[in-house]
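**Student:** Can you read through this structure? Questions will come right after.
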Amino acid sequence: MPRGRASGLKGAGAALALAFTAAPALAQVTAADVWHGWGAALARVGVTQTGTTARAGDVMTVTDAGAVIEMPFGRIGWHVGQLALHDDGDGSVRVTLPRGVPVMLDLDLDLRWHHPRLSLGGELTAEGLDWRYSGTPDDLQGHVAARRLTFELTAPEGAAAGGGATTGFVVAEDVDRTTRIRLDDVPRLEMQATVGHLTSEISVRRPQATTVQRAEYRGIETAVALRLPETAPAAPSLSAALRAGMRLHASGRAGELHVRDIDRRGHDTLRDVAQTVQGARWALDMTRGRGLELALDNRAGELAFDGAPVARVAASTLRLRLPLIARSTPQETALVLTVAGIEALGPWAVAAGDGAAPAHLDLALRGEIILRADLADGRGAAGRPYDLLRLELQRLDAALGGAALTGSGAFAWRDGSGAGRHMAMPEGEATLVAQGVHALLARVAATGRVPDLVILSLRGMLAMVGTPTGPDRVEAHLTIDDAGIRINGLALPF
């Protein structure tokens with residue numbers, strides 16, 4: 001070998017050896033790190049980790065591993081009978097569960113409108129489970145894969161259990177989930193999960209009737225990015241966490257879902273309603289500044305009664321914005337709902353009329369409110385926790401079977417709407433225009449599925465509030481001001 005080449009290899013080897021000796025040790029975590037990381041993440045949102053740990057060699061066993069949320073209006077707790085964290089010797093931790101491990105949920109809340117108490121016991125079975133953690137104590141990276149996860153409801157008790165014998169199960173197949181718990185200067189939790197197929201059934205049997213709900217989902221994908229509060233709240237509180245810097249973004253999709261609700265009395269079926277949705281998507285954001293923002297999108301859907309399809313929808317969207325944190329300045333709230341390509345099927349198709357375009361709905365509402373108490377924790381101040389300053393019907397455009405309804409308007413409260421018996425009257429006006437409604441009511445009456453009294457009442461309502469402005473066209477103009485409430489210039493009550 002030439003001298004120059006040998007010298008070069010020798011120098012490269014020395015440099016490589018120096019690099020290895022200078023490099024930090026390979027990142028590793030222990031069972032104790034994983035257990036501590038779970039607890040630290042929970043503590044950031046005021047939740048207390050529970051469980052008893054025992055160490056035997058490379059295995060840490062945790063009995064009744066779970067958490068407790070103590071809130072001003074109640075308590076929520078859950079735990080898993082037992083799990084084991086194994087130090088695998090390669091810097092990673094493997095988590096295992098016994099077959100048929102007990103799972104318990106305890107809930108005792110004192111809400112203003114309800115006081116639910118529930119003890120929900122079940123059994124979780126994991127098949128083909130591979131659950132591991134790696135990384136560093138301040139950057140835990142977890143991965144869970146399972147061929148099948150089955151939760152069977154075994155012991156529901158309490159008022160929220162339905163007042164009867166309740167049974168049920170949830171089965172998730174082809175589960176894959178990755179998590180990352182970061183506890184550095186900017187603590188956060190990230191999660192991505194997929195489920196190939198999920199089925200569930202809940203059945204409540206009472207002396208007089210039985211209620212069953214069945215659901216099936218395919219192609220579920222979920223992603224969550226949660227920035228944890230910079231300082232942990234003294235007690236679990238969503239509003240306190242948001243004020244301390246918590247931010248949540250979650251989104252997901254399901255390729256296909258089916259939900260069916262059945263009510264039976266003896267051998268008779270009282271109600272059988274089935275819904276099918278294709279291409280469902282959702283997104284949820286929560287921040288201190290913008291509050292709650294929710295988006296729902298469905299590509300197509302179908303509704304059936306007693307096994308017979310009655311309606312189809314080509315697409316639907318929902319957008320909701322709601323402030324959560326109190327401020328002395330006005331905040332915006334908004335709702336936008338669109339439903340396109342609504343088709344009546346079966347006997348109801350007659351009501352649509354021959355050659356009528358598919359029905360649709362386009363609704364947009366916007367409001368301005370003064371939020372006097374945080375909405376995030378569900379209780380707020382006594383009475384209504386907000387003052388309404390302005391409510392605007394930005395858009396109403398609906399069509400069904402050749403009939404159409406359009407509208408717009410806005411109302412404002414000078415000093416806020418008040419609450420209860422102190423509710424103030426607004427000022428403003430709105431206009432609604434209905435076209436072809438009488439012809440639609442005639443076709444609906446011909447189906448024989450709507451009582452004549454209902455048809456007559458609807459016709460009377462149109463005559464009372466609407467002014468004819470053309471063939472089968474009525475218009476209603478609502479005005480509210482210091483002079484009172486008027487429809488088409490006539491004061492209420494008529």
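Ordering of the structure tokens sets the chain letters (A, B, ...); residue numbers start at 1 within each chain; ligands are numbered from 1 in the order shown.
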Got a sec: who's within 10 Å of Gln49 in chain A, counting only C-alpha atoms, leaving out chain neighbours fewer than 6 positions off, as a VMD selection string?

**Tutor:** chain A and resid 35 to 36 38 to 43 65 to 69 77 to 79

**Student:** Would you put the residues from that selection into a file with all heavy atoms, as a short mmCIF file (atom, residue, chain, number, x, y, z; two decimals), in the first residue's frame?

**Tutor:**
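Saved as out-v3.cif:
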data_model
loop_
_atom_site.label_atom_id
_atom_site.label_comp_id
_atom_site.auth_asym_id
_atom_site.auth_seq_id
_atom_site.Cartn_x
_atom_site.Cartn_y
_atom_site.Cartn_z
N TRP A 35 -42.68 6.37 33.69
CA TRP A 35 -43.72 6.61 34.70
C TRP A 35 -43.71 8.07 35.16
O TRP A 35 -44.77 8.70 35.27
CB TRP A 35 -43.51 5.66 35.87
CG TRP A 35 -44.51 5.81 36.98
CD1 TRP A 35 -44.26 6.23 38.25
CD2 TRP A 35 -45.91 5.55 36.92
NE1 TRP A 35 -45.41 6.25 38.99
CE2 TRP A 35 -46.45 5.83 38.19
CE3 TRP A 35 -46.77 5.11 35.91
CZ2 TRP A 35 -47.80 5.68 38.47
CZ3 TRP A 35 -48.12 4.97 36.21
CH2 TRP A 35 -48.62 5.25 37.46
N HIS A 36 -42.53 8.61 35.36
CA HIS A 36 -42.43 10.02 35.77
C HIS A 36 -42.91 10.94 34.64
O HIS A 36 -43.58 11.95 34.89
CB HIS A 36 -40.99 10.35 36.15
CG HIS A 36 -40.78 11.81 36.45
ND1 HIS A 36 -40.36 12.71 35.48
CD2 HIS A 36 -40.96 12.53 37.59
CE1 HIS A 36 -40.28 13.91 36.02
NE2 HIS A 36 -40.63 13.83 37.29
N TRP A 38 -45.18 10.36 32.32
CA TRP A 38 -46.64 10.38 32.29
C TRP A 38 -47.19 11.30 33.37
O TRP A 38 -48.07 12.13 33.12
CB TRP A 38 -47.19 8.97 32.52
CG TRP A 38 -46.92 7.99 31.43
CD1 TRP A 38 -46.42 8.26 30.18
CD2 TRP A 38 -47.12 6.58 31.47
NE1 TRP A 38 -46.30 7.10 29.46
CE2 TRP A 38 -46.73 6.05 30.21
CE3 TRP A 38 -47.61 5.71 32.44
CZ2 TRP A 38 -46.81 4.69 29.92
CZ3 TRP A 38 -47.70 4.35 32.14
CH2 TRP A 38 -47.30 3.85 30.90
N GLY A 39 -46.66 11.16 34.57
CA GLY A 39 -47.15 11.97 35.69
C GLY A 39 -46.87 13.45 35.50
O GLY A 39 -47.70 14.30 35.83
N ALA A 40 -45.68 13.79 34.96
CA ALA A 40 -45.33 15.20 34.75
C ALA A 40 -46.25 15.84 33.73
O ALA A 40 -46.66 17.01 33.88
CB ALA A 40 -43.87 15.30 34.32
N ALA A 41 -46.59 15.11 32.66
CA ALA A 41 -47.49 15.66 31.64
C ALA A 41 -48.88 15.89 32.23
O ALA A 41 -49.52 16.92 31.98
CB ALA A 41 -47.56 14.73 30.44
N LEU A 42 -49.37 14.93 33.03
CA LEU A 42 -50.68 15.10 33.67
C LEU A 42 -50.67 16.27 34.64
O LEU A 42 -51.63 17.05 34.71
CB LEU A 42 -51.06 13.81 34.41
CG LEU A 42 -51.40 12.60 33.54
CD1 LEU A 42 -51.53 11.35 34.40
CD2 LEU A 42 -52.69 12.83 32.76
N ALA A 43 -49.59 16.41 35.40
CA ALA A 43 -49.51 17.49 36.39
C ALA A 43 -49.56 18.86 35.74
O ALA A 43 -50.04 19.82 36.36
CB ALA A 43 -48.23 17.34 37.22
N ALA A 65 -52.88 1.81 37.85
CA ALA A 65 -52.30 2.97 37.17
C ALA A 65 -53.40 3.82 36.56
O ALA A 65 -54.24 3.32 35.81
CB ALA A 65 -51.33 2.51 36.08
N GLY A 66 -53.41 5.11 36.88
CA GLY A 66 -54.46 5.96 36.35
C GLY A 66 -54.26 7.41 36.74
O GLY A 66 -53.14 7.87 36.93
N ALA A 67 -55.37 8.12 36.90
CA ALA A 67 -55.33 9.54 37.21
C ALA A 67 -56.63 9.96 37.86
O ALA A 67 -57.67 9.31 37.69
CB ALA A 67 -55.07 10.36 35.95
N VAL A 68 -56.58 11.08 38.59
CA VAL A 68 -57.76 11.65 39.24
C VAL A 68 -57.81 13.14 38.92
O VAL A 68 -56.79 13.84 39.01
CB VAL A 68 -57.72 11.45 40.77
CG1 VAL A 68 -58.86 12.21 41.43
CG2 VAL A 68 -57.82 9.97 41.11
N ILE A 69 -58.99 13.61 38.53
CA ILE A 69 -59.21 15.03 38.27
C ILE A 69 -60.17 15.53 39.34
O ILE A 69 -61.35 15.15 39.35
CB ILE A 69 -59.79 15.26 36.88
CG1 ILE A 69 -58.92 14.60 35.80
CG2 ILE A 69 -59.93 16.75 36.59
CD1 ILE A 69 -59.51 14.69 34.41
N GLY A 77 -62.15 9.97 37.87
CA GLY A 77 -60.97 9.14 38.07
C GLY A 77 -61.03 7.89 37.22
O GLY A 77 -62.12 7.41 36.89
N TRP A 78 -59.88 7.38 36.82
CA TRP A 78 -59.83 6.14 36.07
C TRP A 78 -58.54 5.40 36.39
O TRP A 78 -57.55 6.01 36.80
CB TRP A 78 -59.95 6.38 34.56
CG TRP A 78 -58.76 7.07 33.95
CD1 TRP A 78 -57.63 6.49 33.42
CD2 TRP A 78 -58.56 8.48 33.81
NE1 TRP A 78 -56.76 7.45 32.96
CE2 TRP A 78 -57.30 8.68 33.19
CE3 TRP A 78 -59.33 9.60 34.15
CZ2 TRP A 78 -56.81 9.94 32.91
CZ3 TRP A 78 -58.81 10.85 33.86
CH2 TRP A 78 -57.58 11.02 33.25
N HIS A 79 -58.56 4.10 36.26
CA HIS A 79 -57.34 3.33 36.48
C HIS A 79 -57.41 2.00 35.76
O HIS A 79 -58.49 1.47 35.47
CB HIS A 79 -57.07 3.12 37.98
CG HIS A 79 -58.10 2.31 38.68
ND1 HIS A 79 -59.13 2.87 39.40
CD2 HIS A 79 -58.28 0.96 38.77
CE1 HIS A 79 -59.88 1.92 39.92
NE2 HIS A 79 -59.39 0.74 39.56
#

**Student:** As a ChimeraX atom specification, list the residues of range 325-455 of chain A assigned to strand (DSSP E or B) by DSSP on the backbone atoms of this structure.

**Tutor:** /A:331-344,359-371,386-400,403-412,427-435

**Student:** Could you list, as a PyMOL selection string, every residue within 8 Å of Arg264 in chain A, counting only C-alpha atoms and ignoring same-chain residues fewer than 3 positions away?

**Tutor:** chain A and resi 209-211+267-271

**Student:** Counting only C-alpha atoms, which of A:Asp481, A:Asp472, A:Asp297, A:Asp387 gets nearest to Thr317 in chain A?

**Tutor:**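 The closest residue to Thr317 in chain A is A:Asp297.
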
**Student:** Using only C-alpha atoms, determine which residues lie at most 9 Å from range 222-236 of chain A, disregarding the query and same-chain residues fewer than 4 positions distant; provide the list as JSON, numbers by chain.

**Tutor:** {"A": [41, 43, 44, 45, 46, 47, 69, 70, 71, 72, 185, 186, 187, 188, 189, 190, 191, 192, 193, 194, 195, 240, 241, 242, 243, 244, 245, 246, 247, 248, 249, 250, 251, 252, 253, 254]}

**Student:** Looking at A:Arg182, A:Arg260, A:Arg214, A:Arg372, which one is nearest to Asp306 in chain A, with distances taken over only C-alpha atoms?

**Tutor:**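 Among A:Arg182, A:Arg260, A:Arg214, A:Arg372, it is A:Arg260 that comes nearest to Asp306 in chain A.
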
**Student:** Excluding range 30-34 of chain A and its own-chain neighbours fewer than 3 positions away, which residues fall within 12 Å of it when counting only C-alpha atoms? Please give them as a ChimeraX atom specification.

**Tutor:** /A:27,37-41,53-62,83-96,132-142,180-183

**Student:** Put those residues in a file: N, CA and C atoms, as a short mmCIF file (atom, residue, chain, number, x, y, z; two decimals), in the first residue's frame.

**Tutor:**
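Written file, part-v2.cif:
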data_model
loop_
_atom_site.label_atom_id
_atom_site.label_comp_id
_atom_site.auth_asym_id
_atom_site.auth_seq_id
_atom_site.Cartn_x
_atom_site.Cartn_y
_atom_site.Cartn_z
N ALA A 27 -28.81 7.98 23.83
CA ALA A 27 -29.97 8.37 24.63
C ALA A 27 -30.68 7.12 25.14
N GLY A 37 -42.58 10.61 33.39
CA GLY A 37 -43.00 11.44 32.27
C GLY A 37 -44.50 11.50 32.14
N TRP A 38 -45.18 10.36 32.32
CA TRP A 38 -46.64 10.38 32.29
C TRP A 38 -47.19 11.30 33.37
N GLY A 39 -46.66 11.16 34.57
CA GLY A 39 -47.15 11.97 35.69
C GLY A 39 -46.87 13.45 35.50
N ALA A 40 -45.68 13.79 34.96
CA ALA A 40 -45.33 15.20 34.75
C ALA A 40 -46.25 15.84 33.73
N ALA A 41 -46.59 15.11 32.66
CA ALA A 41 -47.49 15.66 31.64
C ALA A 41 -48.88 15.89 32.23
N THR A 53 -46.32 1.49 42.60
CA THR A 53 -45.24 0.87 41.84
C THR A 53 -44.47 -0.11 42.71
N ALA A 54 -43.96 -1.15 42.06
CA ALA A 54 -43.11 -2.14 42.72
C ALA A 54 -42.04 -2.56 41.72
N ARG A 55 -40.81 -2.68 42.20
CA ARG A 55 -39.69 -3.00 41.32
C ARG A 55 -39.20 -4.41 41.60
N ALA A 56 -38.97 -5.18 40.53
CA ALA A 56 -38.37 -6.51 40.64
C ALA A 56 -37.43 -6.70 39.46
N GLY A 57 -36.14 -6.49 39.70
CA GLY A 57 -35.16 -6.60 38.63
C GLY A 57 -35.37 -5.52 37.59
N ASP A 58 -35.54 -5.94 36.33
CA ASP A 58 -35.70 -4.98 35.23
C ASP A 58 -37.16 -4.60 34.98
N VAL A 59 -38.05 -5.00 35.86
CA VAL A 59 -39.48 -4.77 35.63
C VAL A 59 -40.07 -3.91 36.75
N MET A 60 -40.77 -2.85 36.35
CA MET A 60 -41.55 -2.04 37.29
C MET A 60 -43.02 -2.36 37.05
N THR A 61 -43.68 -2.86 38.08
CA THR A 61 -45.11 -3.17 37.99
C THR A 61 -45.90 -2.04 38.63
N VAL A 62 -46.93 -1.58 37.94
CA VAL A 62 -47.80 -0.51 38.45
C VAL A 62 -49.20 -1.08 38.62
N LEU A 83 -50.20 -2.86 34.97
CA LEU A 83 -49.35 -2.85 33.79
C LEU A 83 -47.91 -2.98 34.23
N ALA A 84 -47.06 -3.36 33.31
CA ALA A 84 -45.64 -3.57 33.63
C ALA A 84 -44.78 -2.82 32.64
N LEU A 85 -43.73 -2.17 33.16
CA LEU A 85 -42.76 -1.44 32.34
C LEU A 85 -41.43 -2.17 32.45
N HIS A 86 -40.90 -2.63 31.32
CA HIS A 86 -39.70 -3.45 31.28
C HIS A 86 -38.52 -2.63 30.76
N ASP A 87 -37.42 -2.58 31.51
CA ASP A 87 -36.17 -2.02 30.99
C ASP A 87 -35.55 -3.07 30.09
N ASP A 88 -35.50 -2.82 28.79
CA ASP A 88 -35.07 -3.84 27.85
C ASP A 88 -33.55 -3.93 27.67
N GLY A 89 -32.80 -3.03 28.33
CA GLY A 89 -31.36 -3.10 28.25
C GLY A 89 -30.76 -2.42 27.04
N ASP A 90 -31.58 -1.91 26.14
CA ASP A 90 -31.07 -1.19 24.97
C ASP A 90 -31.42 0.29 25.02
N GLY A 91 -31.77 0.77 26.22
CA GLY A 91 -32.13 2.17 26.37
C GLY A 91 -33.60 2.45 26.11
N SER A 92 -34.41 1.42 25.90
CA SER A 92 -35.84 1.59 25.66
C SER A 92 -36.63 0.87 26.73
N VAL A 93 -37.93 1.15 26.78
CA VAL A 93 -38.83 0.55 27.76
C VAL A 93 -40.00 -0.07 27.02
N ARG A 94 -40.34 -1.28 27.40
CA ARG A 94 -41.47 -2.00 26.81
C ARG A 94 -42.58 -2.09 27.86
N VAL A 95 -43.82 -1.79 27.44
CA VAL A 95 -44.97 -1.82 28.34
C VAL A 95 -45.83 -3.03 27.98
N THR A 96 -46.22 -3.80 28.98
CA THR A 96 -47.08 -4.96 28.74
C THR A 96 -48.30 -4.91 29.66
N ARG A 132 -43.86 0.54 23.20
CA ARG A 132 -42.47 0.85 23.58
C ARG A 132 -42.26 2.35 23.72
N TYR A 133 -41.24 2.70 24.53
CA TYR A 133 -40.80 4.08 24.69
C TYR A 133 -39.29 4.14 24.50
N SER A 134 -38.85 5.25 23.89
CA SER A 134 -37.42 5.51 23.72
C SER A 134 -37.20 7.00 23.85
N GLY A 135 -35.98 7.47 23.52
CA GLY A 135 -35.69 8.89 23.62
C GLY A 135 -34.92 9.22 24.88
N THR A 136 -35.29 10.33 25.51
CA THR A 136 -34.65 10.79 26.74
C THR A 136 -35.73 11.10 27.76
N PRO A 137 -35.38 11.24 29.04
CA PRO A 137 -36.42 11.55 30.05
C PRO A 137 -37.20 12.81 29.74
N ASP A 138 -36.57 13.80 29.08
CA ASP A 138 -37.27 15.04 28.75
C ASP A 138 -37.89 15.02 27.37
N ASP A 139 -37.73 13.93 26.65
CA ASP A 139 -38.28 13.81 25.29
C ASP A 139 -38.65 12.35 25.05
N LEU A 140 -39.75 11.93 25.65
CA LEU A 140 -40.20 10.54 25.56
C LEU A 140 -40.91 10.31 24.23
N GLN A 141 -40.52 9.27 23.54
CA GLN A 141 -41.13 8.93 22.27
C GLN A 141 -41.72 7.52 22.37
N GLY A 142 -43.03 7.43 22.22
CA GLY A 142 -43.71 6.16 22.39
C GLY A 142 -44.34 5.67 21.11
N ARG A 180 -45.31 11.68 21.62
CA ARG A 180 -44.07 12.35 22.02
C ARG A 180 -44.40 13.30 23.17
N ILE A 181 -43.77 13.07 24.31
CA ILE A 181 -43.97 13.91 25.50
C ILE A 181 -42.69 14.69 25.72
N ARG A 182 -42.75 15.99 25.52
CA ARG A 182 -41.57 16.84 25.66
C ARG A 182 -41.75 17.71 26.90
N LEU A 183 -40.78 17.61 27.80
CA LEU A 183 -40.85 18.32 29.09
C LEU A 183 -39.74 19.33 29.23
#

**Student:** For range 461-466 of chain A, please output as a ChimeraX atom specification all residues within 8 Å (counting only C-alpha atoms; exclusion window: fewer than 3 positions along the same chain).

**Tutor:** /A:457-458,474-476,487-488

**Student:** Between CA of Leu296 in chain A and CA of Thr338 in chain A, what distance in Å does the model show, to one decimal?

**Tutor:**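 According to the coordinates, CA of Leu296 in chain A and CA of Thr338 in chain A are separated by 10.5 Å.
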
**Student:** Go ahead and compute the interatomic distance for CA of Thr467 in chain A and CA of Val444 in chain A, in Å to one decimal.

**Tutor:** 22.7 Å

**Student:** If we count only C-alpha atoms, what is near Gly353 in chain A at a cut-off of 10 Å, once residues fewer than 2 positions away on the same chain are taken out, given as a PyMOL selection string?

**Tutor:** chain A and resi 348-351+355-357+400-402+439-440+443-444
